[in-house]
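Participant: Structure incoming, see below.
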Amino acid sequence: MRQTILITGASSGIGKALARRYAGAGCRLALLGRNEKRLAETAGECRALGADVSTAAIDVCDRAALATWIADFDRSAPVDLVIANAGVMEGRRPGGEIEPAEPAYRMVETNVLGVLNTVQPLLPKMMARGRGQIAIVSSIAGFTPLPDAPSYSASKSAVINYGLSLRALLGPRGIRVSVICPGYIDTPMMRRESGSKPFKMTPEQAADTICQGLARDRALIVFPFWFALLTRIGGMLPDRIRRWGMAPFRFTVSDPE
Ligand SMILES: NC(=O)c1ccc[n+]([C@@H]2O[C@H](COP(=O)([O-])OP(=O)(O)OC[C@H]3O[C@@H](n4cnc5c(N)ncnc54)[C@H](OP(=O)(O)O)[C@@H]3O)[C@@H](O)[C@H]2O)c1
């Protein structure tokens, strides 16, 4: 059966790779982002792979505009899977001691409220249909206190618990919810970050892992395995030892292009 899938942040990186991955299976896609040119490029590639594609250039922080567009789209093509992927990364700038305030506030709005703005309009519709799937893109950073990106860590922790709470609530109503926690994925976002990037993956590898996890209805899709294991073990260590272990992984985040 042909699936209808809505993806935010489809103009770049992981969202783009997911769009291409599902396009190959002949899905109907709703692709959202802000940059119209990059969104059109993704849409063109997905159409060439056989997908039926709609696009919208909407900021996920614009709750009213997003709700209206999603409701209109869902009326014409009921959404089977929504992937709330759009996000930004902020942190300490080179030479700075703490992360700059304004970008941090904007980031929390995008990474947390942007996810709610994407998911909430579909909840009553999926509940009425008694089926549907929700995927929320968080990060391994959601399990790891990052001294160089405290607000990013906080935003990603918030959506882990949002997603897992929805899963507990909506599972019995026939709606599957997964939270996706990638490690380092080679995208424009990751390239703003200095420092070592152990176990780095391509967006295509990430998209394959995410698709497999969603097909298996996994609560948490945390990858790559060894990085996930190391960060989980790190989380159980006493604070002083964990901070010592994290020292080689300190980083800064450059200004967005
Ligand atoms: N790359 C990594 O290492 C990594 C690791 C863990 C988690 N993640 C998460 O994965 C997700 C995708 O990141 P990525 O690495 O693929 O980054 P990316 O290549 O920079 O792509 C980010 C996407 O989000 C969209 N976006 C950002 N702010 C938006 C807004 N306010 N409204 C609408 N769309 C917005 C961008 O679209 P426009 O530019 O067109 O607005 C773009 O399509 C993010 O949630 C990120 O936190 C990434």
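Lettering and numbering for the structure tokens are positional, with chains as A, B, ... in the shown order, residues counted from 1 in each chain, and ligands counted from 1 in the shown order.
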Please, which residues have at least one atom within 7 Å of an atom of ligand 1, using only C-alpha atoms and all ligand atoms, listed as JSON, numbers by chain?
Facilitator: {"A": [8, 9, 10, 11, 12, 13, 14, 15, 32, 33, 34, 35, 36, 38, 39, 58, 59, 60, 61, 85, 86, 87, 88, 89, 110, 111, 137, 138, 139, 140, 141, 181, 182, 183, 184, 185, 186, 187, 188, 189, 190]}
Participant: Run DSSP on the backbone and tell me which residues of region 12-179 of chain A come out as alpha helix (DSSP H); list them as a PyMOL selection string.
Facilitator: chain A and resi 13-23+36-48+63-76+101-108+114-119+123-129+150-170
Participant: Go through A:Thr68, A:Asn161, A:Thr42, A:Thr144 and flag the residue nearest Val177 (chain A), using only C-alpha atoms for the distances.
Facilitator: A:Asn161
Participant: From a DSSP calculation on the backbone, collect every residue of region 14-201 of chain A in strand (DSSP E) and output the set as JSON, numbers by chain.
Facilitator: {"A": [28, 29, 30, 31, 32, 33, 52, 53, 54, 55, 56, 57, 81, 82, 83, 84, 132, 133, 134, 135, 136, 137, 175, 176, 177, 178, 179, 180, 181, 182]}
Participant: Please build the interface table for region 150-224 of chain A against region 115-125 of chain A with a cut-off of 12 Å, listing for each qualifying residue the nearest atom pair and the distance in Å to one decimal; count only C-alpha atoms, order rows by chain and increasing number, and write it as a Markdown table.
Facilitator:
| residue | atom | partner | partner_atom | distance |
| --- | --- | --- | --- | --- |
| A:Ser155 | CA | A:Val115 | CA | 10.3 |
| A:Lys156 | CA | A:Val115 | CA | 10.5 |
| A:Ala158 | CA | A:Val115 | CA | 10.3 |
| A:Val159 | CA | A:Val115 | CA | 7.6 |
| A:Ile160 | CA | A:Val115 | CA | 10.9 |
| A:Tyr162 | CA | A:Leu116 | CA | 8.7 |
| A:Gly163 | CA | A:Val115 | CA | 9.7 |
| A:Leu166 | CA | A:Leu123 | CA | 9.7 |
| A:Arg167 | CA | A:Leu123 | CA | 11.8 |
| A:Leu169 | CA | A:Leu123 | CA | 11.2 |
| A:Leu170 | CA | A:Leu123 | CA | 9.1 |
| A:Arg173 | CA | A:Leu123 | CA | 10.8 |
| A:Gly174 | CA | A:Leu123 | CA | 11.6 |
| A:Ile175 | CA | A:Leu123 | CA | 9.1 |
| A:Arg176 | CA | A:Leu123 | CA | 11.4 |
| A:Val177 | CA | A:Val119 | CA | 10.6 |
| A:Val179 | CA | A:Val115 | CA | 11.5 |
Participant: Can I get the selected residues back with N, CA and C atoms, as a tab-separated table (two decimals), in the first residue's frame?
Facilitator:
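Output file out.tsv follows:
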chain	number	residue	atom	x	y	z
A	155	SER	N	17.01	20.87	24.55
A	155	SER	CA	15.92	20.78	23.56
A	155	SER	C	15.74	19.33	23.11
A	156	LYS	N	16.85	18.61	22.97
A	156	LYS	CA	16.75	17.23	22.49
A	156	LYS	C	16.24	16.29	23.59
A	158	ALA	N	14.09	17.24	25.83
A	158	ALA	CA	12.65	17.55	25.92
A	158	ALA	C	11.86	16.72	24.91
A	159	VAL	N	12.35	16.62	23.67
A	159	VAL	CA	11.54	15.91	22.68
A	159	VAL	C	11.65	14.38	22.83
A	160	ILE	N	12.72	13.91	23.51
A	160	ILE	CA	12.74	12.47	23.82
A	160	ILE	C	11.55	12.15	24.73
A	162	TYR	N	8.86	13.96	25.27
A	162	TYR	CA	7.59	14.24	24.57
A	162	TYR	C	7.18	13.00	23.75
A	163	GLY	N	8.12	12.50	22.97
A	163	GLY	CA	7.82	11.36	22.11
A	163	GLY	C	7.48	10.10	22.89
A	166	LEU	N	4.06	10.40	24.38
A	166	LEU	CA	3.02	10.18	23.36
A	166	LEU	C	2.90	8.69	23.03
A	167	ARG	N	4.05	8.02	22.99
A	167	ARG	CA	4.03	6.58	22.66
A	167	ARG	C	3.18	5.82	23.69
A	169	LEU	N	0.87	7.01	25.59
A	169	LEU	CA	-0.54	7.43	25.51
A	169	LEU	C	-1.24	6.85	24.29
A	170	LEU	N	-0.55	6.88	23.14
A	170	LEU	CA	-1.23	6.63	21.87
A	170	LEU	C	-1.09	5.20	21.36
A	173	ARG	N	-4.09	3.32	21.17
A	173	ARG	CA	-5.05	3.87	20.19
A	173	ARG	C	-4.63	3.56	18.75
A	174	GLY	N	-3.61	2.72	18.61
A	174	GLY	CA	-3.19	2.30	17.26
A	174	GLY	C	-2.18	3.21	16.60
A	175	ILE	N	-1.63	4.15	17.38
A	175	ILE	CA	-0.65	5.09	16.80
A	175	ILE	C	0.73	4.78	17.35
A	176	ARG	N	1.67	4.57	16.43
A	176	ARG	CA	3.03	4.21	16.82
A	176	ARG	C	3.87	5.48	16.90
A	177	VAL	N	4.69	5.58	17.94
A	177	VAL	CA	5.54	6.78	18.10
A	177	VAL	C	6.97	6.32	18.36
A	179	VAL	N	11.19	7.77	18.79
A	179	VAL	CA	12.11	8.91	18.92
A	179	VAL	C	13.45	8.48	18.33
Participant: Near Ile5 (chain A), counting only C-alpha atoms, which residues have an atom at most 8 Å away, once you skip same-chain residues fewer than 4 positions from it, shown as a count of residues only?
Facilitator: 9
Participant: Between CA of Gly245 (chain A) and CA of Glu99 (chain A), what distance in Å does the model show, to one decimal?
Facilitator: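 These two atoms are separated by 21.4 Å.
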Participant: In terms of the shortest atom-to-atom distance over only C-alpha atoms, which of A:Leu113, A:Val253, A:Ala207, A:Met201 is closest to Phe227 (chain A)?
Facilitator: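 Of A:Leu113, A:Val253, A:Ala207, A:Met201, the one nearest Phe227 (chain A), counting only C-alpha atoms, is A:Met201.
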Participant: Find, counting only C-alpha atoms, the residue in A:Leu6, A:Ala17, A:Met246, A:Ala25 that gets nearest to Pro203 (chain A).
Facilitator: A:Ala17
Participant: Considering only C-alpha atoms, can you say which of A:Leu31, A:Gly26, A:Phe143, A:Cys46 comes closest to Ile7 (chain A)?
Facilitator: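 For Ile7 (chain A), the nearest of the given residues is A:Leu31.
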Participant: Quote the spacing between CA of Tyr152 (chain A) and CA of Glu41 (chain A) in Å to one decimal place.
Facilitator: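 Spanning CA of Tyr152 (chain A) to CA of Glu41 (chain A) is a straight-line distance of 28.3 Å.
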